[in-house]
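The data block below is coords_37.pdb; it holds PDB, C-alpha atoms, pLDDT in the B column.
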```
ATOM      1  CA  MET A   8      -1.888 -20.767  67.188  1.00 53.00           C
ATOM      2  CA  THR A   9      -1.755 -24.131  65.484  1.00 55.00           C
ATOM      3  CA  ARG A  10      -0.666 -24.565  61.932  1.00 56.00           C
ATOM      4  CA  GLY A  11      -1.855 -27.348  59.680  1.00 53.00           C
ATOM      5  CA  SER A  12       0.475 -30.091  58.636  1.00 53.00           C
ATOM      6  CA  THR A  13       2.979 -29.359  55.949  1.00 58.00           C
ATOM      7  CA  LEU A  14       4.842 -31.703  53.704  1.00 50.00           C
ATOM      8  CA  PRO A  15       8.434 -32.328  54.560  1.00 54.00           C
ATOM      9  CA  ALA A  16      10.909 -30.989  52.000  1.00 55.00           C
ATOM     10  CA  HIS A  17      11.796 -34.456  50.688  1.00 54.00           C
ATOM     11  CA  ARG A  18       8.107 -35.020  49.749  1.00 53.00           C
ATOM     12  CA  LEU A  19       7.744 -31.776  47.763  1.00 51.00           C
ATOM     13  CA  SER A  20       9.575 -33.210  44.763  1.00 57.00           C
ATOM     14  CA  ASP A  21       6.795 -35.688  43.962  1.00 55.00           C
ATOM     15  CA  LEU A  22       3.984 -33.165  44.516  1.00 52.00           C
ATOM     16  CA  PRO A  23       3.457 -32.441  40.791  1.00 54.00           C
ATOM     17  CA  ASP A  24       2.868 -36.174  40.196  1.00 55.00           C
ATOM     18  CA  ARG A  25       0.112 -36.192  42.777  1.00 54.00           C
ATOM     19  CA  VAL A  26      -1.654 -32.999  41.792  1.00 51.00           C
ATOM     20  CA  ALA A  27      -4.089 -33.412  38.963  1.00 52.00           C
ATOM     21  CA  LEU A  28      -2.853 -30.872  36.463  1.00 51.00           C
ATOM     22  CA  SER A  29      -6.199 -30.886  34.730  1.00 53.00           C
ATOM     23  CA  ALA A  30      -7.742 -29.476  37.867  1.00 55.00           C
ATOM     24  CA  LEU A  31      -5.753 -26.299  37.439  1.00 54.00           C
ATOM     25  CA  PRO A  32      -7.404 -23.716  35.221  1.00 58.00           C
ATOM     26  CA  GLU A  33      -5.538 -23.155  32.010  1.00 64.00           C
ATOM     27  CA  GLN A  34      -3.980 -19.738  31.989  1.00 62.00           C
ATOM     28  CA  THR A  35      -3.952 -17.828  28.782  1.00 67.00           C
ATOM     29  CA  ARG A  36      -2.629 -14.406  28.188  1.00 71.00           C
ATOM     30  CA  THR A  37      -4.825 -12.304  25.994  1.00 63.00           C
ATOM     31  CA  PRO A  38      -2.756  -9.880  23.982  1.00 59.00           C
ATOM     32  CA  PRO A  39      -3.882  -6.292  24.150  1.00 56.00           C
ATOM     33  CA  PRO A  40      -6.114  -5.362  21.237  1.00 59.00           C
ATOM     34  CA  ALA A  41      -4.199  -4.027  18.251  1.00 59.00           C
ATOM     35  CA  ARG A  42      -4.294  -0.261  17.907  1.00 73.00           C
ATOM     36  CA  THR A  43      -5.916   1.051  14.806  1.00 89.00           C
ATOM     37  CA  ALA A  44      -4.154   3.620  12.689  1.00 91.00           C
ATOM     38  CA  LEU A  45      -6.690   6.187  13.857  1.00 94.00           C
ATOM     39  CA  GLU A  46      -5.936   5.392  17.499  1.00 94.00           C
ATOM     40  CA  GLY A  47      -2.245   5.725  16.681  1.00 93.00           C
ATOM     41  CA  PHE A  48      -2.843   9.095  15.053  1.00 95.00           C
ATOM     42  CA  ASN A  49      -5.006  10.269  17.956  1.00 96.00           C
ATOM     43  CA  GLY A  50      -2.404   9.163  20.513  1.00 94.00           C
ATOM     44  CA  ALA A  51       0.698  10.298  18.644  1.00 95.00           C
ATOM     45  CA  PRO A  52       2.630  13.276  19.977  1.00 96.00           C
ATOM     46  CA  ALA A  53       1.400  16.502  18.402  1.00 96.00           C
ATOM     47  CA  ALA A  54       4.640  16.919  16.450  1.00 96.00           C
ATOM     48  CA  GLU A  55       4.225  13.473  14.862  1.00 95.00           C
ATOM     49  CA  ALA A  56       0.563  14.085  13.968  1.00 96.00           C
ATOM     50  CA  HIS A  57       1.538  17.472  12.558  1.00 95.00           C
ATOM     51  CA  ARG A  58       4.250  15.869  10.394  1.00 95.00           C
ATOM     52  CA  ILE A  59       1.798  13.279   9.037  1.00 94.00           C
ATOM     53  CA  LEU A  60      -0.653  16.040   8.171  1.00 97.00           C
ATOM     54  CA  LEU A  61       1.948  18.235   6.498  1.00 97.00           C
ATOM     55  CA  ASP A  62       2.830  15.296   4.253  1.00 95.00           C
ATOM     56  CA  CYS A  63      -0.812  15.400   3.118  1.00 96.00           C
ATOM     57  CA  LEU A  64      -1.159  19.152   2.642  1.00 97.00           C
ATOM     58  CA  ARG A  65       1.615  21.654   3.233  1.00 97.00           C
ATOM     59  CA  SER A  66      -0.465  24.196   5.126  1.00 97.00           C
ATOM     60  CA  LEU A  67       0.600  24.984   8.660  1.00 97.00           C
ATOM     61  CA  SER A  68      -2.794  26.362   9.684  1.00 97.00           C
ATOM     62  CA  TRP A  69      -4.607  23.289   8.289  1.00 97.00           C
ATOM     63  CA  ALA A  70      -2.228  20.893  10.056  1.00 98.00           C
ATOM     64  CA  HIS A  71      -2.456  22.804  13.363  1.00 97.00           C
ATOM     65  CA  ARG A  72      -6.221  22.859  13.248  1.00 97.00           C
ATOM     66  CA  VAL A  73      -6.624  19.152  12.462  1.00 97.00           C
ATOM     67  CA  THR A  74      -4.026  18.215  15.102  1.00 97.00           C
ATOM     68  CA  ALA A  75      -5.620  20.414  17.760  1.00 96.00           C
ATOM     69  CA  HIS A  76      -9.027  18.759  17.488  1.00 96.00           C
ATOM     70  CA  ARG A  77      -7.862  15.223  18.240  1.00 96.00           C
ATOM     71  CA  PRO A  78      -9.018  12.676  19.227  1.00 97.00           C
ATOM     72  CA  TYR A  79     -11.341  11.725  16.401  1.00 97.00           C
ATOM     73  CA  PRO A  80     -13.841   8.939  17.087  1.00 96.00           C
ATOM     74  CA  THR A  81     -13.827   7.639  13.495  1.00 95.00           C
ATOM     75  CA  LEU A  82     -11.902   8.020  10.262  1.00 95.00           C
ATOM     76  CA  ASP A  83     -14.954   9.749   8.788  1.00 96.00           C
ATOM     77  CA  ALA A  84     -14.836  12.306  11.597  1.00 97.00           C
ATOM     78  CA  LEU A  85     -11.139  12.946  10.928  1.00 97.00           C
ATOM     79  CA  LEU A  86     -11.759  13.346   7.196  1.00 97.00           C
ATOM     80  CA  ALA A  87     -14.680  15.700   7.879  1.00 97.00           C
ATOM     81  CA  ALA A  88     -12.433  17.809  10.121  1.00 97.00           C
ATOM     82  CA  SER A  89      -9.797  17.789   7.376  1.00 97.00           C
ATOM     83  CA  ASP A  90     -12.405  18.993   4.878  1.00 97.00           C
ATOM     84  CA  GLU A  91     -13.663  21.721   7.193  1.00 96.00           C
ATOM     85  CA  ALA A  92     -10.147  22.994   7.855  1.00 97.00           C
ATOM     86  CA  ALA A  93      -9.424  22.947   4.110  1.00 96.00           C
ATOM     87  CA  TYR A  94     -12.560  24.969   3.368  1.00 94.00           C
ATOM     88  CA  ASP A  95     -11.248  27.650   5.715  1.00 94.00           C
ATOM     89  CA  LEU A  96      -7.850  28.056   4.027  1.00 95.00           C
ATOM     90  CA  THR A  97      -7.013  31.701   3.379  1.00 95.00           C
ATOM     91  CA  ALA A  98      -5.386  32.925   0.179  1.00 93.00           C
ATOM     92  CA  GLY A  99      -2.040  32.834   2.015  1.00 95.00           C
ATOM     93  CA  ASP A 100      -2.684  29.274   3.171  1.00 96.00           C
ATOM     94  CA  LEU A 101      -3.462  28.240  -0.407  1.00 95.00           C
ATOM     95  CA  THR A 102      -0.279  29.874  -1.641  1.00 94.00           C
ATOM     96  CA  GLU A 103       1.701  28.044   1.039  1.00 95.00           C
ATOM     97  CA  ALA A 104       0.116  24.700   0.128  1.00 96.00           C
ATOM     98  CA  LEU A 105       0.526  25.235  -3.617  1.00 94.00           C
ATOM     99  CA  ALA A 106       4.222  26.029  -3.244  1.00 93.00           C
ATOM    100  CA  ALA A 107       4.819  22.470  -2.042  1.00 92.00           C
ATOM    101  CA  GLU A 108       2.728  20.732  -4.700  1.00 92.00           C
ATOM    102  CA  SER A 109       4.280  18.996  -7.650  1.00 85.00           C
ATOM    103  CA  LEU A 110       2.841  18.207 -11.028  1.00 77.00           C
ATOM    104  CA  PRO A 111       0.731  15.071 -11.299  1.00 74.00           C
ATOM    105  CA  PRO A 112       2.922  12.220 -12.485  1.00 71.00           C
ATOM    106  CA  LEU A 113       2.594  10.914 -16.010  1.00 68.00           C
ATOM    107  CA  PRO A 114       2.133   7.215 -16.592  1.00 68.00           C
ATOM    108  CA  GLU A 115       5.495   5.534 -17.168  1.00 69.00           C
ATOM    109  CA  ASP A 116       4.509   4.430 -20.660  1.00 69.00           C
ATOM    110  CA  ALA A 117       3.506   7.947 -21.829  1.00 70.00           C
ATOM    111  CA  TYR A 118       5.118   9.030 -25.085  1.00 74.00           C
ATOM    112  CA  GLY A 119       7.599  11.874 -25.322  1.00 77.00           C
ATOM    113  CA  ALA A 120       5.001  13.949 -27.180  1.00 79.00           C
ATOM    114  CA  ALA A 121       2.665  13.583 -24.209  1.00 79.00           C
ATOM    115  CA  HIS A 122       5.400  14.825 -21.890  1.00 77.00           C
ATOM    116  CA  MET A 123       5.961  17.822 -24.150  1.00 85.00           C
ATOM    117  CA  ALA A 124       2.237  18.592 -24.432  1.00 86.00           C
ATOM    118  CA  LEU A 125       1.738  18.339 -20.687  1.00 86.00           C
ATOM    119  CA  GLY A 126       4.865  20.392 -19.990  1.00 86.00           C
ATOM    120  CA  ALA A 127       3.633  23.150 -22.320  1.00 91.00           C
ATOM    121  CA  ALA A 128       0.156  23.089 -20.769  1.00 91.00           C
ATOM    122  CA  HIS A 129       1.632  23.320 -17.262  1.00 91.00           C
ATOM    123  CA  ALA A 130       3.890  26.202 -18.267  1.00 93.00           C
ATOM    124  CA  ALA A 131       0.968  28.127 -19.769  1.00 93.00           C
ATOM    125  CA  TYR A 132      -1.152  27.463 -16.700  1.00 95.00           C
ATOM    126  CA  GLU A 133       1.603  28.531 -14.298  1.00 94.00           C
ATOM    127  CA  ALA A 134       2.262  31.708 -16.314  1.00 95.00           C
ATOM    128  CA  ARG A 135      -1.440  32.580 -16.163  1.00 95.00           C
ATOM    129  CA  PHE A 136      -2.135  31.767 -12.503  1.00 96.00           C
ATOM    130  CA  GLY A 137       1.284  32.006 -10.821  1.00 93.00           C
ATOM    131  CA  HIS A 138       1.247  28.518  -9.303  1.00 93.00           C
ATOM    132  CA  THR A 139       1.461  24.900 -10.293  1.00 91.00           C
ATOM    133  CA  PHE A 140      -1.580  23.072 -11.605  1.00 94.00           C
ATOM    134  CA  VAL A 141      -3.144  20.705  -9.053  1.00 95.00           C
ATOM    135  CA  ILE A 142      -5.713  18.030  -9.615  1.00 95.00           C
ATOM    136  CA  CYS A 143      -6.927  15.074  -7.604  1.00 94.00           C
ATOM    137  CA  LEU A 144      -7.011  11.942  -9.729  1.00 91.00           C
ATOM    138  CA  ASP A 145      -8.537   9.764  -7.009  1.00 88.00           C
ATOM    139  CA  GLY A 146     -10.520   6.919  -8.518  1.00 87.00           C
ATOM    140  CA  LEU A 147      -9.423   7.622 -12.075  1.00 89.00           C
ATOM    141  CA  PRO A 148      -7.933   4.641 -13.921  1.00 88.00           C
ATOM    142  CA  PRO A 149      -4.231   5.252 -14.685  1.00 81.00           C
ATOM    143  CA  ASN A 150      -4.761   4.807 -18.425  1.00 82.00           C
ATOM    144  CA  GLU A 151      -7.186   7.767 -18.399  1.00 87.00           C
ATOM    145  CA  ALA A 152      -5.048  10.101 -16.285  1.00 85.00           C
ATOM    146  CA  LEU A 153      -3.060  11.783 -19.052  1.00 85.00           C
ATOM    147  CA  ASP A 154      -6.088  12.644 -21.187  1.00 87.00           C
ATOM    148  CA  HIS A 155      -8.011  13.818 -18.121  1.00 91.00           C
ATOM    149  CA  VAL A 156      -5.162  16.064 -16.934  1.00 91.00           C
ATOM    150  CA  LEU A 157      -4.669  17.603 -20.395  1.00 90.00           C
ATOM    151  CA  GLU A 158      -8.403  18.163 -20.864  1.00 93.00           C
ATOM    152  CA  THR A 159      -8.794  19.644 -17.379  1.00 95.00           C
ATOM    153  CA  ILE A 160      -5.785  21.937 -17.567  1.00 94.00           C
ATOM    154  CA  ARG A 161      -7.023  23.322 -20.889  1.00 91.00           C
ATOM    155  CA  SER A 162     -10.537  23.900 -19.568  1.00 95.00           C
ATOM    156  CA  ARG A 163      -9.334  25.495 -16.340  1.00 96.00           C
ATOM    157  CA  TRP A 164      -6.964  27.785 -18.225  1.00 91.00           C
ATOM    158  CA  ALA A 165     -10.072  29.730 -19.279  1.00 93.00           C
ATOM    159  CA  ASN A 166     -11.076  30.433 -15.646  1.00 96.00           C
ATOM    160  CA  ASP A 167     -10.622  33.882 -14.206  1.00 96.00           C
ATOM    161  CA  PRO A 168      -8.092  33.927 -11.314  1.00 95.00           C
ATOM    162  CA  GLU A 169     -10.778  34.053  -8.586  1.00 94.00           C
ATOM    163  CA  LYS A 170     -12.727  31.128 -10.048  1.00 97.00           C
ATOM    164  CA  GLU A 171      -9.490  29.156 -10.420  1.00 96.00           C
ATOM    165  CA  ARG A 172      -8.629  29.821  -6.745  1.00 94.00           C
ATOM    166  CA  GLU A 173     -11.934  28.205  -5.802  1.00 95.00           C
ATOM    167  CA  VAL A 174     -11.223  25.195  -8.022  1.00 97.00           C
ATOM    168  CA  VAL A 175      -7.676  24.903  -6.666  1.00 96.00           C
ATOM    169  CA  ALA A 176      -8.937  25.040  -3.070  1.00 96.00           C
ATOM    170  CA  GLU A 177     -11.359  22.193  -3.813  1.00 97.00           C
ATOM    171  CA  GLU A 178      -8.647  20.115  -5.521  1.00 96.00           C
ATOM    172  CA  LEU A 179      -6.300  20.662  -2.559  1.00 97.00           C
ATOM    173  CA  ARG A 180      -9.075  19.614  -0.165  1.00 97.00           C
ATOM    174  CA  ARG A 181      -9.663  16.425  -2.172  1.00 96.00           C
ATOM    175  CA  LEU A 182      -5.904  15.733  -2.328  1.00 96.00           C
ATOM    176  CA  ALA A 183      -5.517  16.255   1.427  1.00 97.00           C
ATOM    177  CA  ARG A 184      -8.431  13.909   2.129  1.00 96.00           C
ATOM    178  CA  GLN A 185      -7.068  11.215  -0.197  1.00 95.00           C
ATOM    179  CA  ARG A 186      -3.537  11.520   1.171  1.00 95.00           C
ATOM    180  CA  LEU A 187      -4.672  11.521   4.802  1.00 96.00           C
ATOM    181  CA  ALA A 188      -6.749   8.363   4.359  1.00 94.00           C
ATOM    182  CA  GLY A 189      -3.782   6.745   2.599  1.00 93.00           C
ATOM    183  CA  ALA A 190      -1.300   7.909   5.218  1.00 92.00           C
ATOM    184  CA  LEU A 191      -3.311   6.351   8.015  1.00 91.00           C
ATOM    185  CA  GLU A 192      -3.739   3.164   6.017  1.00 85.00           C
ATOM    186  CA  ASP A 193       0.011   2.937   5.395  1.00 75.00           C
ATOM    187  CA  SER A 194       1.284   4.408   8.659  1.00 65.00           C
ATOM    188  CA  GLY A 195       1.510   1.406  10.920  1.00 54.00           C
ATOM    189  CA  LEU A 196       0.856   3.754  13.846  1.00 53.00           C
TER
END
```

Here is a file; write its structure as structure tokens.
Amino acid sequence: MTRGSTLPAHRLSDLPDRVALSALPEQTRTPPPARTALEGFNGAPAAEAHRILLDCLRSLSWAHRVTAHRPYPTLDALLAASDEAAYDLTAGDLTEALAAESLPPLPEDAYGAAHMALGAAHAAYEARFGHTFVICLDGLPPNEALDHVLETIRSRWANDPEKEREVVAEELRRLARQRLAGALEDSGL
């Protein structure tokens, strides 16, 4: 077996000067595509996905159901699954979720009288229905929030308990949807 000629070791040092570097293809490393928040949510361990969901709506059955149906092909599909699971909340699930809800925040520049009026309205509502008042203010300008909350709490106070449960379930569904979309947007998953 005959081997071709090789360069002696003392000639290897000037090899780079003799090789046309432009003849070598330029090598570039393409970074892997960035993961979207949805891909992060889909690929997260179940416990992490469950935690994210419970931050949106404190219902164990809702969080389990949404987690169990991953992966979701689009954000719209995830939000639709969230809605569907919220529509199926039992009375016990609603009670569980309502126990973790807090009152909608007042604008920082609201007057003391507004705080008192809202506090009294919340107390009357809670005495009538046995749970905190919930409302989704998504898309409402902050300067209209206080008037909207006061008007809505007064109008809903007239509901019978069964009708109010339906309204509360819808408000919780809207809150969960809004929070979930925001959580994925802010997650950095």

Considering all atoms listed in the file, return as a PDB file with C-alpha atoms, in the coordinates of the input whatever protein or nucleic-acid residues lie within 10 Å of Ala92 (chain A), sequence-local ones (same chain, fewer than 3 positions apart) excluded.
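Contents of the output file around_0.pdb:
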```pdb
ATOM      1  CA  SER A  68      -2.794  26.362   9.684  1.00 97.00           C
ATOM      2  CA  TRP A  69      -4.607  23.289   8.289  1.00 97.00           C
ATOM      3  CA  ALA A  70      -2.228  20.893  10.056  1.00 98.00           C
ATOM      4  CA  HIS A  71      -2.456  22.804  13.363  1.00 97.00           C
ATOM      5  CA  ARG A  72      -6.221  22.859  13.248  1.00 97.00           C
ATOM      6  CA  VAL A  73      -6.624  19.152  12.462  1.00 97.00           C
ATOM      7  CA  LEU A  86     -11.759  13.346   7.196  1.00 97.00           C
ATOM      8  CA  ALA A  87     -14.680  15.700   7.879  1.00 97.00           C
ATOM      9  CA  ALA A  88     -12.433  17.809  10.121  1.00 97.00           C
ATOM     10  CA  SER A  89      -9.797  17.789   7.376  1.00 97.00           C
ATOM     11  CA  ASP A  95     -11.248  27.650   5.715  1.00 94.00           C
ATOM     12  CA  LEU A  96      -7.850  28.056   4.027  1.00 95.00           C
ATOM     13  CA  ARG A 180      -9.075  19.614  -0.165  1.00 97.00           C
TER      14      ARG A 180
END
```

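Distances from A:Gly189, A:Ala124, A:Thr74, A:Ala134 to Arg58 (chain A) were compared using all atoms listed in the file, and the smallest one belongs to A:Thr74.
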
In terms of all atoms listed in the file, the residue from A:Leu191, A:Ala152, A:Leu60, A:Leu179 at minimal distance from Pro111 (chain A) is A:Ala152

For Leu125 (chain A): contacts at 9 Å, only C-alpha atoms, fewer than 5 positions along chain excluded, given as a PyMOL selection string:
chain A and resi 113+120+130+153+156-157+160

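Put simply, the PyMOL selection byres ((chain A and resi 132) around 12) in this file takes in Leu110, Leu125, Gly126, Ala127, Ala128, His129, Ala130, Ala131, Glu133, Ala134, Arg135, Phe136, Gly137, His138, Thr139, Phe140, Val141, Leu157, Thr159, Ile160, Arg161, Ser162, Arg163, Trp164, Ala165, Asn166, Asp167, Pro168 and Glu171 of chain A.
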
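A straight line drawn from CA of Ala188 (chain A) to CA of Asp62 (chain A) is 11.8 Å long.
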
Report as a compact mmCIF listing (two decimals) with C-alpha atoms, in the frame of the given file the full result of the PyMOL selection byres ((chain A and resi 143) around 10) when it is applied to this structure.
```txt
# COMPACT_ATOMS: atom_id res chain seq x y z
CA PRO A 111 0.73 15.07 -11.30
CA VAL A 141 -3.14 20.70 -9.05
CA ILE A 142 -5.71 18.03 -9.62
CA LEU A 144 -7.01 11.94 -9.73
CA ASP A 145 -8.54 9.76 -7.01
CA GLY A 146 -10.52 6.92 -8.52
CA LEU A 147 -9.42 7.62 -12.08
CA VAL A 156 -5.16 16.06 -16.93
CA VAL A 175 -7.68 24.90 -6.67
CA GLU A 177 -11.36 22.19 -3.81
CA GLU A 178 -8.65 20.11 -5.52
CA LEU A 179 -6.30 20.66 -2.56
CA ARG A 180 -9.07 19.61 -0.16
CA ARG A 181 -9.66 16.42 -2.17
CA LEU A 182 -5.90 15.73 -2.33
CA ALA A 183 -5.52 16.26 1.43
CA ARG A 184 -8.43 13.91 2.13
CA GLN A 185 -7.07 11.22 -0.20
```

Ala104 (chain A) surroundings by only C-alpha atoms, 9 Å radius, close-in-sequence under 2 positions cut, as a short mmCIF file (atom, residue, chain, number, x, y, z; two decimals) with C-alpha atoms, in the frame of the given file:
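Done, and the output landed in selection.cif:
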```cif
data_model
loop_
_atom_site.label_atom_id
_atom_site.label_comp_id
_atom_site.auth_asym_id
_atom_site.auth_seq_id
_atom_site.Cartn_x
_atom_site.Cartn_y
_atom_site.Cartn_z
CA LEU A 64 -1.16 19.15 2.64
CA ARG A 65 1.62 21.65 3.23
CA SER A 66 -0.46 24.20 5.13
CA LEU A 67 0.60 24.98 8.66
CA GLY A 99 -2.04 32.83 2.02
CA ASP A 100 -2.68 29.27 3.17
CA LEU A 101 -3.46 28.24 -0.41
CA THR A 102 -0.28 29.87 -1.64
CA ALA A 106 4.22 26.03 -3.24
CA ALA A 107 4.82 22.47 -2.04
CA GLU A 108 2.73 20.73 -4.70
CA LEU A 179 -6.30 20.66 -2.56
#
```

Do you have the CA of Glu91 (chain A)-CA of Ala75 (chain A) distance handy?
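Result for CA of Glu91 (chain A) versus CA of Ala75 (chain A): 13.3 Å, one decimal.
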
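Between CA of Phe48 (chain A) and CA of Thr97 (chain A) the interatomic distance comes to 25.8 Å.
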
Show which residues sit within 10 Å of Gly50 (chain A), as a ChimeraX atom specification. Count all atoms listed in the file, and ignore same-chain residues fewer than 4 positions away.
/A:42,44-46,55-56,77-78,196

Around all of region 169-183 of chain A's listed atoms, make the axis-aligned box with 5 Å on each side and tell me centre and edge lengths in Å to one decimal, as lines of an AutoDock Vina configuration file.
```
center_x = -9.1
center_y = 24.9
center_z = -4.5
size_x = 17.2
size_y = 28.3
size_z = 21.8
```
